[in-house]
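Chemist: Just one file: data-v2.pdb, with PDB, C-alpha atoms.
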ATOM      1  CA  MET A   4      79.665 -51.559  66.466
ATOM      2  CA  ASP A   5      79.726 -54.004  63.608
ATOM      3  CA  GLU A   6      83.392 -54.873  64.361
ATOM      4  CA  ALA A   7      82.633 -55.631  68.010
ATOM      5  CA  LYS A   8      79.740 -57.869  67.012
ATOM      6  CA  ARG A   9      81.952 -59.790  64.586
ATOM      7  CA  ARG A  10      84.601 -60.282  67.262
ATOM      8  CA  GLN A  11      82.070 -61.620  69.739
ATOM      9  CA  GLU A  12      80.663 -64.047  67.162
ATOM     10  CA  HIS A  13      84.190 -65.175  66.334
ATOM     11  CA  LEU A  14      84.926 -65.818  70.020
ATOM     12  CA  GLN A  15      81.713 -67.780  70.405
ATOM     13  CA  ASP A  16      82.501 -69.888  67.332
ATOM     14  CA  GLU A  17      85.962 -70.851  68.559
ATOM     15  CA  HIS A  18      86.176 -74.084  70.461
ATOM     16  CA  VAL A  19      88.002 -73.309  73.645
ATOM     17  CA  THR A  20      89.746 -76.356  74.986
ATOM     18  CA  THR A  21      91.044 -76.269  78.513
ATOM     19  CA  LEU A  22      93.524 -78.781  79.750
ATOM     20  CA  HIS A  23      92.640 -80.355  83.065
ATOM     21  CA  PRO A  24      95.380 -82.144  84.927
ATOM     22  CA  ASN A  25      94.961 -85.807  85.671
ATOM     23  CA  TYR A  26      94.859 -85.474  89.444
ATOM     24  CA  MET A  27      94.379 -89.178  90.071
ATOM     25  CA  GLY A  28      97.362 -90.028  87.880
ATOM     26  CA  VAL A  29      99.491 -87.534  89.791
ATOM     27  CA  PHE A  30      98.191 -88.943  93.069
ATOM     28  CA  TRP A  31      99.243 -92.490  92.103
ATOM     29  CA  TRP A  32     102.705 -91.273  91.054
ATOM     30  CA  LEU A  33     103.093 -89.428  94.373
ATOM     31  CA  LEU A  34     101.969 -92.520  96.255
ATOM     32  CA  ALA A  35     104.435 -94.727  94.367
ATOM     33  CA  LEU A  36     107.284 -92.283  94.985
ATOM     34  CA  THR A  37     106.391 -92.108  98.682
ATOM     35  CA  ILE A  38     106.413 -95.899  98.955
ATOM     36  CA  LEU A  39     109.818 -95.966  97.242
ATOM     37  CA  GLU A  40     111.085 -93.341  99.698
ATOM     38  CA  VAL A  41     109.950 -95.394 102.680
ATOM     39  CA  ILE A  42     111.561 -98.532 101.247
ATOM     40  CA  PHE A  43     114.870 -96.840 100.433
ATOM     41  CA  ALA A  44     114.952 -95.007 103.775
ATOM     42  CA  SER A  45     114.445 -98.207 105.721
ATOM     43  CA  LEU A  46     117.239-100.111 103.966
ATOM     44  CA  PRO A  47     120.391-100.343 106.081
ATOM     45  CA  THR A  48     123.463 -98.595 104.779
ATOM     46  CA  GLY A  49     126.642-100.507 104.191
ATOM     47  CA  PRO A  50     129.391-101.039 101.628
ATOM     48  CA  SER A  51     126.902-101.927  98.895
ATOM     49  CA  TYR A  52     124.526 -99.041  99.780
ATOM     50  CA  PRO A  53     126.556 -96.089 101.125
ATOM     51  CA  GLN A  54     125.007 -93.254 103.113
ATOM     52  CA  ILE A  55     125.699 -90.675 100.388
ATOM     53  CA  ALA A  56     123.840 -92.796  97.819
ATOM     54  CA  LYS A  57     120.910 -93.123 100.193
ATOM     55  CA  ILE A  58     120.793 -89.362 100.756
ATOM     56  CA  ALA A  59     121.125 -88.593  97.040
ATOM     57  CA  LEU A  60     118.352 -91.035  96.167
ATOM     58  CA  LEU A  61     115.983 -89.709  98.833
ATOM     59  CA  VAL A  62     116.629 -86.090  97.849
ATOM     60  CA  THR A  63     116.032 -86.928  94.186
ATOM     61  CA  LEU A  64     112.734 -88.609  95.029
ATOM     62  CA  ALA A  65     111.690 -85.667  97.223
ATOM     63  CA  VAL A  66     112.520 -83.109  94.523
ATOM     64  CA  THR A  67     110.590 -85.173  91.975
ATOM     65  CA  LYS A  68     107.559 -85.229  94.261
ATOM     66  CA  ALA A  69     107.853 -81.487  94.895
ATOM     67  CA  ALA A  70     108.021 -80.867  91.149
ATOM     68  CA  LEU A  71     104.896 -82.961  90.556
ATOM     69  CA  VAL A  72     103.003 -81.051  93.244
ATOM     70  CA  ALA A  73     104.170 -77.690  91.910
ATOM     71  CA  LEU A  74     103.450 -78.530  88.286
ATOM     72  CA  TYR A  75     100.015 -80.045  88.701
ATOM     73  CA  PHE A  76      98.447 -78.926  91.974
ATOM     74  CA  MET A  77      99.847 -75.395  91.762
ATOM     75  CA  HIS A  78      99.033 -75.350  88.016
ATOM     76  CA  LEU A  79     102.510 -74.226  87.006
ATOM     77  CA  LYS A  80     102.479 -76.642  84.085
ATOM     78  CA  PHE A  81      99.605 -74.734  82.539
ATOM     79  CA  GLU A  82     100.877 -71.238  83.284
ATOM     80  CA  VAL A  83     103.158 -69.028  81.251
ATOM     81  CA  ARG A  84     106.912 -69.379  81.385
ATOM     82  CA  THR A  85     107.349 -66.227  83.467
ATOM     83  CA  LEU A  86     105.425 -67.683  86.397
ATOM     84  CA  SER A  87     107.558 -70.814  86.276
ATOM     85  CA  LEU A  88     110.711 -68.711  86.364
ATOM     86  CA  ILE A  89     109.367 -66.814  89.337
ATOM     87  CA  ALA A  90     108.711 -70.079  91.172
ATOM     88  CA  LEU A  91     112.091 -71.631  90.292
ATOM     89  CA  THR A  92     114.228 -68.604  91.162
ATOM     90  CA  PRO A  93     114.065 -69.114  94.967
ATOM     91  CA  MET A  94     114.938 -72.798  94.564
ATOM     92  CA  ILE A  95     117.979 -71.944  92.461
ATOM     93  CA  LEU A  96     119.061 -69.240  94.908
ATOM     94  CA  CYS A  97     118.635 -71.608  97.850
ATOM     95  CA  ALA A  98     120.792 -74.257  96.187
ATOM     96  CA  PHE A  99     123.385 -71.622  95.279
ATOM     97  CA  PHE A 100     123.568 -70.269  98.840
ATOM     98  CA  LEU A 101     123.689 -73.784 100.266
ATOM     99  CA  PHE A 102     126.682 -74.727  98.129
ATOM    100  CA  MET A 103     128.410 -71.393  98.729
ATOM    101  CA  LEU A 104     128.090 -71.758 102.528
ATOM    102  CA  MET A 105     129.119 -75.409 102.593
ATOM    103  CA  PRO A 106     132.875 -74.657 102.852
ATOM    104  CA  ASP A 107     132.225 -72.572 105.967
ATOM    105  CA  SER A 108     130.573 -75.492 107.706
ATOM    106  CA  TYR A 109     133.643 -77.683 107.085
ATOM    107  CA  LEU A 110     135.931 -75.166 108.772
ATOM    108  CA  ARG A 111     134.131 -75.342 112.127
TER
END
Represent the structure contained in this file as structure tokens.

Modeler:
Amino acid sequence: MDEAKRRQEHLQDEHVTTLHPNYMGVFWWLLALTILEVIFASLPTGPSYPQIAKIALLVTLAVTKAALVALYFMHLKFEVRTLSLIALTPMILCAFFLFMLMPDSYLR
């Protein structure tokens, strides 16, 4: 009984600090990235701005926004590594399957 009482006192004495995400900061970053996406999507393609560069830039911005949402609003930044691996595994598999099936789409 004495051991349990000491443990409870020790837990009460510890200062528990919880990290709260800066939701407004994340919101402003998402807004800025969205504005950049709209600007880059509306630019006409040509020799100085090829279509593949436009697609790569827009996909990079979209993945960055998705990562911000997953890390902060889904609280993956503050979770253990295992949960992050569980969330990233489908993304990795999707990219793998996409690249493995790409040669089949060229043959049609």

Chemist: Could you write out as a ChimeraX atom specification the residues that the PyMOL selection byres ((chain A and resi 40) around 12) matches in the shown file?

Modeler: /A:33-39,41-46,57-68

Chemist: Between atom CA of A:Tyr75 and atom CA of A:Asn25, what is the spacing in Å?

Modeler: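 Interatomic distance, atom CA of A:Asn25 to atom CA of A:Tyr75: 8.2 Å.
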
Chemist: Hey, can you check how far atom CA of A:Met105 sits from atom CA of A:Ala56?

Modeler: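 Atom CA of A:Met105 sits 18.8 Å away from atom CA of A:Ala56.
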
Chemist: Record the distance separating atom CA of A:Pro93 and atom CA of A:Val72, expressed in Å with one decimal.

Modeler: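 Result for atom CA of A:Pro93 versus atom CA of A:Val72: 16.4 Å, one decimal.
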
Chemist: Using all atoms listed in the file, find all polymer residues with an atom at most 10 Å away from the point (102.0, -82.9, 90.5); report them as a list in words.

Modeler: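 Collected hits near the coordinates: Pro24, Asn25, Tyr26, Met27, Gly28, Val29, Phe30, Trp32, Leu33, Thr67, Lys68, Ala69, Ala70, Leu71, Val72, Ala73, Leu74, Tyr75, Phe76, Met77, His78, Leu79 and Lys80 of chain A.
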
Chemist: Determine the axis-aligned bounding box of all atoms of stretch 96-103 of chain A present in the file, pad each side by 5 Å, and express its centre and edge lengths in Å to one decimal place as JSON.

Modeler:
{"center_x": 123.5, "center_y": -72.0, "center_z": 97.6, "size_x": 19.8, "size_y": 15.5, "size_z": 15.4}
